[in-house]
Amino acid sequence: MHAPGRPPKKRLLRLKLNGRWREDAVSERELLVDYLRDVAHLTGVKTGCDGGECGACTVLVDGEAVPSCITLAVRCEGCDVETIEGLATQGRLNRLQRAFHEKLGTQCGFCTPGMIMAAEALLRRNPTPSDGEIRAALSGNLCRCTGYVKIIESVKAAAEATS
Amino acid sequence: MTAPLAEFRLAQPGTVKEAIAACLKHPGSRFVAGGTDLLVNMRRGISSPDLLVDLSGIDELTEIKSDGRGVTIGAGVTIATLAHNTAIASQYRALTQAAAAIAGPGHRVMATVGGNLCLDTRCIYYNQSEWWRSANAYCLKNRGDVCHVAPQGQRCHAAFSGDLAPALLVLGAEIDIAGAQGERRIPLSELYVEDGKAHLTLAAGELIAAVHLPAAPHASAYEKVRVRGAIDFPLAGVAVALAASGTTIGSLRIALTGTNSRPFLLAGTEAFAGRPVDEKLQQEIDRLVQKQVQPMRTTIASANYRRVAAAALARRLTARLFAERTA
């Protein structure tokens with residue numbers, strides 16, 4: 001066990017980020033969102049409400065969509081962390097990114113990375129979700145532009161494109 | 001970059017015994033499991049422990065075991081795991097419904113049973129940023145002298161808002177509390193007292209290890225009213241467990257959350273045994289609820305709305321369960 005007492009103020013964090021293992025010295029108080037944005041420079045991860053209520057900071061940790069603004073980075077030791085930057089392969093948008101683009105699921109774009117990551121987690125475990133299942137999976141993500149209709153249509157289109 | 005959290009250390013013990021020892025050795029410490037509530041409060045400067053004792057790596061807390069007498073749920077079981085457990089859904093529907101109603105999908109993956117039972121109480125004068133609270137001279141619960149909800153009173157009226165507790169109360173739950181002296185088992189109701197500033201009876205270094213539920217002959221259900229359909233605490237939450245005896249009530253238990261500083265079992269429902277669920281009985285349930293809940297101006301919805309909503313939920317769930325059981 002890691003005993004309390006005098007610092008080290010930082011510890012070595014080893015995780016798999018978008019498919020590549022990396023190590024960084026991070027403070028124990030560092031939040032995952034700050035680690036991703038400021039250390040790994042993955043600024044597709046957005047800080048919205050800053051209190052775990054809006055879902056803009058959603059990333060995948062071991063395949064589960066979680067809000068990174070209330071996750072301590074050091075608790076992701078050994079985990080597989082994925083952000084929006086990890087979805088496109090060789091410059092090709094993935095099914096959800098393409099569907100959000102084609103179905104106008106994006107307006108200002110701020111909530112989009114979180115929406116897509118939450119939808120990605122859904123489609124991996126349930127490739128043919130119903131409307132209700134899509135709504136439930138995205139219930140933790142707020143959008144202040146679209147009214148959600150286009151977002152739901154985008155996720156459905158992505159599911160249909162691959163099923 | 002967002003404002004950093006105050007400096008703290010993170011201990012990651014592998015056993016309950018180590019966790020308790022780490023907590024007792026360090027008076028300014030807090031246990032953290034999912035952290036979905038505590039980290040938000042730390043970000044707001046409400047709580048600033050200098051050591052967090054992380055319970056998420058303790059395997060012994062994450063088991064769900066059942067035998068003929070009931071089920072034991074480890075306090076470290078996540079809300080998502082609980083919500084998806086089909087054996088629990090078939091016997092303890094209120095618990096599954098309560099778990100599914102907690103926050104959003106991302107929180108449920110991280111948040112735990114023990115964390116929801118020990119959830120901090122909430123108030124619009126408390127769950128605010130540092131600058132907001134400082135501009136209001138803080139409040140009785142945190143750094144201040146006055147409860148802005150009831151300035152003449154002597155106690156904090158922040159509301160308990162956990163969803164699991166009422167479901168577990170109507171299902172007759174007991175909890176194992178682990179401490180330096182070993183484990184003790186108490187009825188869940190004894191975990192709570194009616195004080196928003198100190199609503200838990202846990203001593204320093206104590207944590208909930210497990211929840212025990214007896215085999216359930218009751219039908220049960222949970223519902224809550226909230227401002228936002230997702231990720232929101234209850235303005236009022238009600239759990240009901242009902243056993244029918246022929247065409248009348250065999251036994252009826254109702255528990256509430258979100259209205260008081262503790263979740264509680266409604267007193268007086270034992271008198272309903274042997275009666276059908278008719279309009280007269282519904283009115284009596286309504287009166288009992290409205291008399292015993294004590295919603296204060298701790299949410300953006302009015303206290304009276306929460307009182308009436310709690311009573312409506314209790315009536316609705318009782319009628320629905322009775323209809324199911326006598327159909």
# chains A, B, ... in the order shown; residues from 1 in each chain; ligands from 1
>>> residues_around(residues="Arg98 (chain A)", least_positions_apart="4", cutoff="10 Å", atoms="only C-alpha atoms", output="NGL selection string")
:A and (88 or 92-94 or 102-105 or 154 or 157-158)
>>> write_last_selection(atoms="C-alpha atoms", output="PDB file, in the first residue's frame")
ATOM      1  CA  ALA A  88     -10.054   8.168 -36.254  1.00  0.00           C
ATOM      2  CA  ARG A  92     -10.403   8.320 -41.541  1.00  0.00           C
ATOM      3  CA  LEU A  93     -13.232   9.413 -39.273  1.00  0.00           C
ATOM      4  CA  ASN A  94     -14.867   6.575 -37.380  1.00  0.00           C
ATOM      5  CA  GLU A 102     -23.367  13.984 -42.065  1.00  0.00           C
ATOM      6  CA  LYS A 103     -26.495  14.138 -39.875  1.00  0.00           C
ATOM      7  CA  LEU A 104     -25.642  17.539 -38.398  1.00  0.00           C
ATOM      8  CA  GLY A 105     -25.322  16.142 -34.897  1.00  0.00           C
ATOM      9  CA  SER A 154     -26.487  10.568 -35.727  1.00  0.00           C
ATOM     10  CA  ALA A 157     -27.085   6.353 -38.421  1.00  0.00           C
ATOM     11  CA  ALA A 158     -23.719   5.202 -37.078  1.00  0.00           C
TER      12      ALA A 158
END
>>> interface_residues(of="chain A", to="chain B", cutoff="8 Å", atoms="only C-alpha atoms", output="ChimeraX atom specification")
/A:1-4,7,9,28-30,34,37-38,47,50-53,58,64-67,70-71,136-137,139-140
>>> write_last_selection(atoms="C-alpha atoms", output="PDB file, in the first residue's frame")
ATOM      1  CA  MET A   1       0.000   0.000   0.000  1.00  0.00           C
ATOM      2  CA  HIS A   2       1.087   3.532  -0.676  1.00  0.00           C
ATOM      3  CA  ALA A   3       1.532   4.935   2.829  1.00  0.00           C
ATOM      4  CA  PRO A   4       0.770   8.530   3.777  1.00  0.00           C
ATOM      5  CA  PRO A   7       5.735  13.559  -0.357  1.00  0.00           C
ATOM      6  CA  LYS A   9       4.307  14.927  -4.508  1.00  0.00           C
ATOM      7  CA  GLU A  28      -1.915  12.747  -6.870  1.00  0.00           C
ATOM      8  CA  ARG A  29      -4.430  15.576  -6.983  1.00  0.00           C
ATOM      9  CA  GLU A  30      -4.369  15.844 -10.778  1.00  0.00           C
ATOM     10  CA  ASP A  34      -6.314  18.102 -16.711  1.00  0.00           C
ATOM     11  CA  ARG A  37      -5.525  18.260 -21.797  1.00  0.00           C
ATOM     12  CA  ASP A  38      -2.397  19.737 -20.223  1.00  0.00           C
ATOM     13  CA  THR A  47     -14.095  20.995 -19.484  1.00  0.00           C
ATOM     14  CA  ASP A  50     -16.380  21.321 -14.107  1.00  0.00           C
ATOM     15  CA  GLY A  51     -18.488  19.365 -11.637  1.00  0.00           C
ATOM     16  CA  GLY A  52     -19.483  16.066 -13.225  1.00  0.00           C
ATOM     17  CA  GLU A  53     -22.854  17.257 -14.481  1.00  0.00           C
ATOM     18  CA  THR A  58     -16.462  12.088 -21.093  1.00  0.00           C
ATOM     19  CA  GLU A  64     -16.612   2.591 -19.868  1.00  0.00           C
ATOM     20  CA  ALA A  65     -17.665   6.195 -20.504  1.00  0.00           C
ATOM     21  CA  VAL A  66     -16.792   8.265 -17.429  1.00  0.00           C
ATOM     22  CA  PRO A  67     -16.613  11.988 -16.629  1.00  0.00           C
ATOM     23  CA  ILE A  70     -14.249  13.945 -11.348  1.00  0.00           C
ATOM     24  CA  THR A  71     -11.714  11.168 -11.923  1.00  0.00           C
ATOM     25  CA  ALA A 136     -30.316   6.451 -21.746  1.00  0.00           C
ATOM     26  CA  ALA A 137     -26.663   6.141 -22.748  1.00  0.00           C
ATOM     27  CA  SER A 139     -28.506  10.983 -20.540  1.00  0.00           C
ATOM     28  CA  GLY A 140     -25.364  12.194 -18.788  1.00  0.00           C
TER      29      GLY A 140
END
>>> residues_around(residues="Gly19 (chain A)", least_positions_apart="6", cutoff="12 Å", atoms="only C-alpha atoms", output="PyMOL selection string")
chain A and resi 60-62+79-83+85-89
>>> closest_atom_pairs(of="region 52-86 of chain A", to="region 108-123 of chain A", cutoff="6 Å", atoms="only C-alpha atoms", output="Markdown table")
| residue | atom | partner | partner_atom | distance |
| --- | --- | --- | --- | --- |
| A:Gly55 | CA | A:Gly114 | CA | 5.8 |
| A:Ala56 | CA | A:Gly114 | CA | 4.6 |
| A:Cys57 | CA | A:Gly114 | CA | 5.7 |
| A:Thr58 | CA | A:Gly114 | CA | 4.5 |
| A:Val59 | CA | A:Met117 | CA | 5.9 |
| A:Ala65 | CA | A:Ala118 | CA | 5.4 |
| A:Ile84 | CA | A:Pro113 | CA | 5.7 |
>>> residues_around(residues="Gly237 (chain B)", least_positions_apart="5", cutoff="10 Å", atoms="only C-alpha atoms", output="PDB file with N, CA and C atoms, in the first residue's frame")
ATOM      1  N   ALA B  98     -33.892   2.191  -7.783  1.00  0.00           N
ATOM      2  CA  ALA B  98     -33.163   3.288  -7.135  1.00  0.00           C
ATOM      3  C   ALA B  98     -31.766   3.417  -7.726  1.00  0.00           C
ATOM      4  N   SER B 161     -29.845  12.957   0.263  1.00  0.00           N
ATOM      5  CA  SER B 161     -30.360  12.794  -1.103  1.00  0.00           C
ATOM      6  C   SER B 161     -29.959  11.486  -1.759  1.00  0.00           C
ATOM      7  N   GLY B 162     -29.493  10.534  -0.974  1.00  0.00           N
ATOM      8  CA  GLY B 162     -29.144   9.232  -1.548  1.00  0.00           C
ATOM      9  C   GLY B 162     -30.402   8.481  -1.974  1.00  0.00           C
ATOM     10  N   ASP B 163     -30.308   7.766  -3.079  1.00  0.00           N
ATOM     11  CA  ASP B 163     -31.478   7.038  -3.583  1.00  0.00           C
ATOM     12  C   ASP B 163     -31.577   5.610  -3.042  1.00  0.00           C
ATOM     13  N   LEU B 164     -30.431   4.994  -2.721  1.00  0.00           N
ATOM     14  CA  LEU B 164     -30.498   3.587  -2.301  1.00  0.00           C
ATOM     15  C   LEU B 164     -31.129   3.411  -0.920  1.00  0.00           C
ATOM     16  N   ALA B 165     -30.866   4.355  -0.019  1.00  0.00           N
ATOM     17  CA  ALA B 165     -31.271   4.166   1.377  1.00  0.00           C
ATOM     18  C   ALA B 165     -32.769   3.867   1.553  1.00  0.00           C
ATOM     19  N   PRO B 166     -33.686   4.637   0.949  1.00  0.00           N
ATOM     20  CA  PRO B 166     -35.101   4.320   1.167  1.00  0.00           C
ATOM     21  C   PRO B 166     -35.473   2.929   0.654  1.00  0.00           C
ATOM     22  N   ALA B 167     -34.894   2.542  -0.497  1.00  0.00           N
ATOM     23  CA  ALA B 167     -35.183   1.198  -1.026  1.00  0.00           C
ATOM     24  C   ALA B 167     -34.705   0.140  -0.044  1.00  0.00           C
ATOM     25  N   TYR B 222     -39.417   1.990  -6.367  1.00  0.00           N
ATOM     26  CA  TYR B 222     -38.832   3.281  -5.980  1.00  0.00           C
ATOM     27  C   TYR B 222     -39.035   4.283  -7.108  1.00  0.00           C
ATOM     28  N   GLU B 223     -39.400   5.489  -6.744  1.00  0.00           N
ATOM     29  CA  GLU B 223     -39.466   6.585  -7.721  1.00  0.00           C
ATOM     30  C   GLU B 223     -39.023   7.867  -7.065  1.00  0.00           C
ATOM     31  N   LYS B 224     -38.528   8.780  -7.909  1.00  0.00           N
ATOM     32  CA  LYS B 224     -38.167  10.087  -7.356  1.00  0.00           C
ATOM     33  C   LYS B 224     -38.594  11.195  -8.305  1.00  0.00           C
ATOM     34  N   VAL B 225     -38.814  12.376  -7.743  1.00  0.00           N
ATOM     35  CA  VAL B 225     -39.030  13.549  -8.577  1.00  0.00           C
ATOM     36  C   VAL B 225     -37.755  14.381  -8.514  1.00  0.00           C
ATOM     37  N   ARG B 226     -37.393  14.975  -9.653  1.00  0.00           N
ATOM     38  CA  ARG B 226     -36.158  15.741  -9.707  1.00  0.00           C
ATOM     39  C   ARG B 226     -36.303  16.830 -10.748  1.00  0.00           C
ATOM     40  N   ALA B 255     -40.606   4.377   2.716  1.00  0.00           N
ATOM     41  CA  ALA B 255     -39.452   5.153   3.185  1.00  0.00           C
ATOM     42  C   ALA B 255     -39.193   6.309   2.229  1.00  0.00           C
ATOM     43  N   LEU B 256     -38.598   7.370   2.775  1.00  0.00           N
ATOM     44  CA  LEU B 256     -38.431   8.598   1.997  1.00  0.00           C
ATOM     45  C   LEU B 256     -37.005   9.105   2.035  1.00  0.00           C
ATOM     46  N   THR B 257     -36.629   9.791   0.967  1.00  0.00           N
ATOM     47  CA  THR B 257     -35.337  10.476   0.900  1.00  0.00           C
ATOM     48  C   THR B 257     -35.540  11.834   0.248  1.00  0.00           C
ATOM     49  N   GLY B 258     -34.561  12.717   0.437  1.00  0.00           N
ATOM     50  CA  GLY B 258     -34.604  14.020  -0.225  1.00  0.00           C
ATOM     51  C   GLY B 258     -35.413  15.073   0.517  1.00  0.00           C
ATOM     52  N   THR B 259     -36.142  14.663   1.533  1.00  0.00           N
ATOM     53  CA  THR B 259     -37.012  15.621   2.230  1.00  0.00           C
ATOM     54  C   THR B 259     -36.486  16.011   3.612  1.00  0.00           C
ATOM     55  N   PRO B 263     -32.682   9.685   5.557  1.00  0.00           N
ATOM     56  CA  PRO B 263     -33.764   8.878   4.977  1.00  0.00           C
ATOM     57  C   PRO B 263     -34.483   8.194   6.136  1.00  0.00           C
ATOM     58  N   ARG B 306     -42.262  19.762  -2.597  1.00  0.00           N
ATOM     59  CA  ARG B 306     -41.615  18.481  -2.269  1.00  0.00           C
ATOM     60  C   ARG B 306     -42.470  17.665  -1.295  1.00  0.00           C
ATOM     61  N   ALA B 309     -45.321  16.325  -3.431  1.00  0.00           N
ATOM     62  CA  ALA B 309     -44.806  15.332  -4.379  1.00  0.00           C
ATOM     63  C   ALA B 309     -44.468  14.023  -3.663  1.00  0.00           C
ATOM     64  N   ALA B 310     -43.891  14.117  -2.475  1.00  0.00           N
ATOM     65  CA  ALA B 310     -43.542  12.910  -1.720  1.00  0.00           C
ATOM     66  C   ALA B 310     -44.807  12.104  -1.412  1.00  0.00           C
ATOM     67  N   ALA B 311     -45.847  12.802  -1.004  1.00  0.00           N
ATOM     68  CA  ALA B 311     -47.102  12.120  -0.683  1.00  0.00           C
ATOM     69  C   ALA B 311     -47.708  11.482  -1.936  1.00  0.00           C
ATOM     70  N   LEU B 313     -46.118  10.436  -4.611  1.00  0.00           N
ATOM     71  CA  LEU B 313     -45.327   9.252  -4.970  1.00  0.00           C
ATOM     72  C   LEU B 313     -45.703   8.068  -4.087  1.00  0.00           C
ATOM     73  N   ALA B 314     -45.861   8.318  -2.794  1.00  0.00           N
ATOM     74  CA  ALA B 314     -46.199   7.233  -1.863  1.00  0.00           C
ATOM     75  C   ALA B 314     -47.548   6.622  -2.219  1.00  0.00           C
TER      76      ALA B 314
END
>>> atom_distance(atom1="CA of Ala161 (chain A)", atom2="CA of Ala80 (chain B)")
28.7 Å
>>> select_by_dssp(residues="chain A", states="strand (DSSP E or B)", output="NGL selection string")
:A and (10-17 or 20-27 or 31 or 58-61 or 64-67 or 72 or 80-82 or 89 or 92)
>>> decode(residues="region 36-73 of chain A", atoms="N, CA and C atoms", output="PDB file, in the first residue's frame")
ATOM      1  N   LEU A  36      -5.165  14.850 -19.314  1.00  0.00           N
ATOM      2  CA  LEU A  36      -5.357  14.617 -20.747  1.00  0.00           C
ATOM      3  C   LEU A  36      -5.125  15.899 -21.551  1.00  0.00           C
ATOM      4  N   ARG A  37      -5.630  17.010 -21.047  1.00  0.00           N
ATOM      5  CA  ARG A  37      -5.525  18.260 -21.797  1.00  0.00           C
ATOM      6  C   ARG A  37      -4.135  18.896 -21.689  1.00  0.00           C
ATOM      7  N   ASP A  38      -3.603  18.936 -20.460  1.00  0.00           N
ATOM      8  CA  ASP A  38      -2.397  19.737 -20.223  1.00  0.00           C
ATOM      9  C   ASP A  38      -1.101  18.939 -20.318  1.00  0.00           C
ATOM     10  N   VAL A  39      -1.161  17.661 -20.022  1.00  0.00           N
ATOM     11  CA  VAL A  39       0.052  16.832 -20.092  1.00  0.00           C
ATOM     12  C   VAL A  39       0.099  16.102 -21.434  1.00  0.00           C
ATOM     13  N   ALA A  40      -1.014  15.439 -21.783  1.00  0.00           N
ATOM     14  CA  ALA A  40      -1.028  14.676 -23.037  1.00  0.00           C
ATOM     15  C   ALA A  40      -1.462  15.534 -24.237  1.00  0.00           C
ATOM     16  N   HIS A  41      -1.892  16.769 -23.940  1.00  0.00           N
ATOM     17  CA  HIS A  41      -2.294  17.728 -24.993  1.00  0.00           C
ATOM     18  C   HIS A  41      -3.426  17.203 -25.875  1.00  0.00           C
ATOM     19  N   LEU A  42      -4.314  16.457 -25.271  1.00  0.00           N
ATOM     20  CA  LEU A  42      -5.493  15.971 -26.003  1.00  0.00           C
ATOM     21  C   LEU A  42      -6.655  16.907 -25.673  1.00  0.00           C
ATOM     22  N   THR A  43      -6.719  18.019 -26.397  1.00  0.00           N
ATOM     23  CA  THR A  43      -7.688  19.058 -26.034  1.00  0.00           C
ATOM     24  C   THR A  43      -9.075  18.818 -26.624  1.00  0.00           C
ATOM     25  N   GLY A  44      -9.254  17.663 -27.255  1.00  0.00           N
ATOM     26  CA  GLY A  44     -10.610  17.278 -27.650  1.00  0.00           C
ATOM     27  C   GLY A  44     -11.465  17.010 -26.422  1.00  0.00           C
ATOM     28  N   VAL A  45     -10.840  16.676 -25.331  1.00  0.00           N
ATOM     29  CA  VAL A  45     -11.551  16.485 -24.059  1.00  0.00           C
ATOM     30  C   VAL A  45     -11.897  17.867 -23.521  1.00  0.00           C
ATOM     31  N   LYS A  46     -13.176  18.125 -23.290  1.00  0.00           N
ATOM     32  CA  LYS A  46     -13.594  19.469 -22.895  1.00  0.00           C
ATOM     33  C   LYS A  46     -13.938  19.553 -21.410  1.00  0.00           C
ATOM     34  N   THR A  47     -13.642  20.704 -20.843  1.00  0.00           N
ATOM     35  CA  THR A  47     -14.095  20.995 -19.484  1.00  0.00           C
ATOM     36  C   THR A  47     -15.339  21.864 -19.607  1.00  0.00           C
ATOM     37  N   GLY A  48     -16.477  21.317 -19.190  1.00  0.00           N
ATOM     38  CA  GLY A  48     -17.728  22.063 -19.315  1.00  0.00           C
ATOM     39  C   GLY A  48     -18.156  22.618 -17.974  1.00  0.00           C
ATOM     40  N   CYS A  49     -18.979  21.849 -17.280  1.00  0.00           N
ATOM     41  CA  CYS A  49     -19.514  22.316 -15.995  1.00  0.00           C
ATOM     42  C   CYS A  49     -18.466  22.279 -14.906  1.00  0.00           C
ATOM     43  N   ASP A  50     -17.446  21.431 -15.087  1.00  0.00           N
ATOM     44  CA  ASP A  50     -16.380  21.321 -14.107  1.00  0.00           C
ATOM     45  C   ASP A  50     -16.868  20.686 -12.802  1.00  0.00           C
ATOM     46  N   GLY A  51     -17.988  19.975 -12.863  1.00  0.00           N
ATOM     47  CA  GLY A  51     -18.488  19.365 -11.637  1.00  0.00           C
ATOM     48  C   GLY A  51     -19.205  18.050 -11.870  1.00  0.00           C
ATOM     49  N   GLY A  52     -18.909  17.398 -12.984  1.00  0.00           N
ATOM     50  CA  GLY A  52     -19.483  16.066 -13.225  1.00  0.00           C
ATOM     51  C   GLY A  52     -20.940  16.066 -13.630  1.00  0.00           C
ATOM     52  N   GLU A  53     -21.430  17.193 -14.178  1.00  0.00           N
ATOM     53  CA  GLU A  53     -22.854  17.257 -14.481  1.00  0.00           C
ATOM     54  C   GLU A  53     -23.192  17.348 -15.964  1.00  0.00           C
ATOM     55  N   CYS A  54     -22.204  17.638 -16.816  1.00  0.00           N
ATOM     56  CA  CYS A  54     -22.558  17.934 -18.217  1.00  0.00           C
ATOM     57  C   CYS A  54     -22.058  16.906 -19.217  1.00  0.00           C
ATOM     58  N   GLY A  55     -21.057  16.109 -18.863  1.00  0.00           N
ATOM     59  CA  GLY A  55     -20.589  15.047 -19.750  1.00  0.00           C
ATOM     60  C   GLY A  55     -19.654  15.491 -20.858  1.00  0.00           C
ATOM     61  N   ALA A  56     -19.301  16.785 -20.928  1.00  0.00           N
ATOM     62  CA  ALA A  56     -18.413  17.248 -22.002  1.00  0.00           C
ATOM     63  C   ALA A  56     -17.023  16.612 -21.893  1.00  0.00           C
ATOM     64  N   CYS A  57     -16.652  16.226 -20.684  1.00  0.00           N
ATOM     65  CA  CYS A  57     -15.312  15.678 -20.450  1.00  0.00           C
ATOM     66  C   CYS A  57     -15.291  14.157 -20.552  1.00  0.00           C
ATOM     67  N   THR A  58     -16.359  13.552 -21.070  1.00  0.00           N
ATOM     68  CA  THR A  58     -16.462  12.088 -21.093  1.00  0.00           C
ATOM     69  C   THR A  58     -15.351  11.451 -21.927  1.00  0.00           C
ATOM     70  N   VAL A  59     -14.679  10.475 -21.325  1.00  0.00           N
ATOM     71  CA  VAL A  59     -13.679   9.661 -22.027  1.00  0.00           C
ATOM     72  C   VAL A  59     -13.965   8.199 -21.682  1.00  0.00           C
ATOM     73  N   LEU A  60     -13.312   7.300 -22.361  1.00  0.00           N
ATOM     74  CA  LEU A  60     -13.476   5.879 -22.033  1.00  0.00           C
ATOM     75  C   LEU A  60     -12.315   5.415 -21.159  1.00  0.00           C
ATOM     76  N   VAL A  61     -12.657   4.789 -20.042  1.00  0.00           N
ATOM     77  CA  VAL A  61     -11.647   4.146 -19.196  1.00  0.00           C
ATOM     78  C   VAL A  61     -11.999   2.662 -19.155  1.00  0.00           C
ATOM     79  N   ASP A  62     -11.134   1.861 -19.708  1.00  0.00           N
ATOM     80  CA  ASP A  62     -11.393   0.426 -19.868  1.00  0.00           C
ATOM     81  C   ASP A  62     -12.760   0.185 -20.521  1.00  0.00           C
ATOM     82  N   GLY A  63     -13.058   1.001 -21.510  1.00  0.00           N
ATOM     83  CA  GLY A  63     -14.275   0.827 -22.309  1.00  0.00           C
ATOM     84  C   GLY A  63     -15.519   1.453 -21.723  1.00  0.00           C
ATOM     85  N   GLU A  64     -15.443   1.970 -20.497  1.00  0.00           N
ATOM     86  CA  GLU A  64     -16.612   2.591 -19.868  1.00  0.00           C
ATOM     87  C   GLU A  64     -16.522   4.106 -20.011  1.00  0.00           C
ATOM     88  N   ALA A  65     -17.631   4.735 -20.388  1.00  0.00           N
ATOM     89  CA  ALA A  65     -17.665   6.195 -20.504  1.00  0.00           C
ATOM     90  C   ALA A  65     -17.772   6.814 -19.118  1.00  0.00           C
ATOM     91  N   VAL A  66     -16.787   7.631 -18.755  1.00  0.00           N
ATOM     92  CA  VAL A  66     -16.792   8.265 -17.429  1.00  0.00           C
ATOM     93  C   VAL A  66     -16.470   9.757 -17.564  1.00  0.00           C
ATOM     94  N   PRO A  67     -16.976  10.571 -16.616  1.00  0.00           N
ATOM     95  CA  PRO A  67     -16.613  11.988 -16.629  1.00  0.00           C
ATOM     96  C   PRO A  67     -15.189  12.164 -16.084  1.00  0.00           C
ATOM     97  N   SER A  68     -14.285  12.698 -16.922  1.00  0.00           N
ATOM     98  CA  SER A  68     -12.883  12.786 -16.492  1.00  0.00           C
ATOM     99  C   SER A  68     -12.632  13.941 -15.535  1.00  0.00           C
ATOM    100  N   CYS A  69     -13.615  14.840 -15.371  1.00  0.00           N
ATOM    101  CA  CYS A  69     -13.401  15.977 -14.460  1.00  0.00           C
ATOM    102  C   CYS A  69     -13.615  15.595 -13.003  1.00  0.00           C
ATOM    103  N   ILE A  70     -14.132  14.394 -12.745  1.00  0.00           N
ATOM    104  CA  ILE A  70     -14.249  13.945 -11.348  1.00  0.00           C
ATOM    105  C   ILE A  70     -13.541  12.600 -11.180  1.00  0.00           C
ATOM    106  N   THR A  71     -12.522  12.377 -12.015  1.00  0.00           N
ATOM    107  CA  THR A  71     -11.714  11.168 -11.923  1.00  0.00           C
ATOM    108  C   THR A  71     -10.269  11.578 -11.652  1.00  0.00           C
ATOM    109  N   LEU A  72      -9.668  11.020 -10.628  1.00  0.00           N
ATOM    110  CA  LEU A  72      -8.263  11.303 -10.365  1.00  0.00           C
ATOM    111  C   LEU A  72      -7.408  10.541 -11.373  1.00  0.00           C
ATOM    112  N   ALA A  73      -6.443  11.238 -11.964  1.00  0.00           N
ATOM    113  CA  ALA A  73      -5.604  10.609 -12.992  1.00  0.00           C
ATOM    114  C   ALA A  73      -4.896   9.368 -12.443  1.00  0.00           C
TER     115      ALA A  73
END
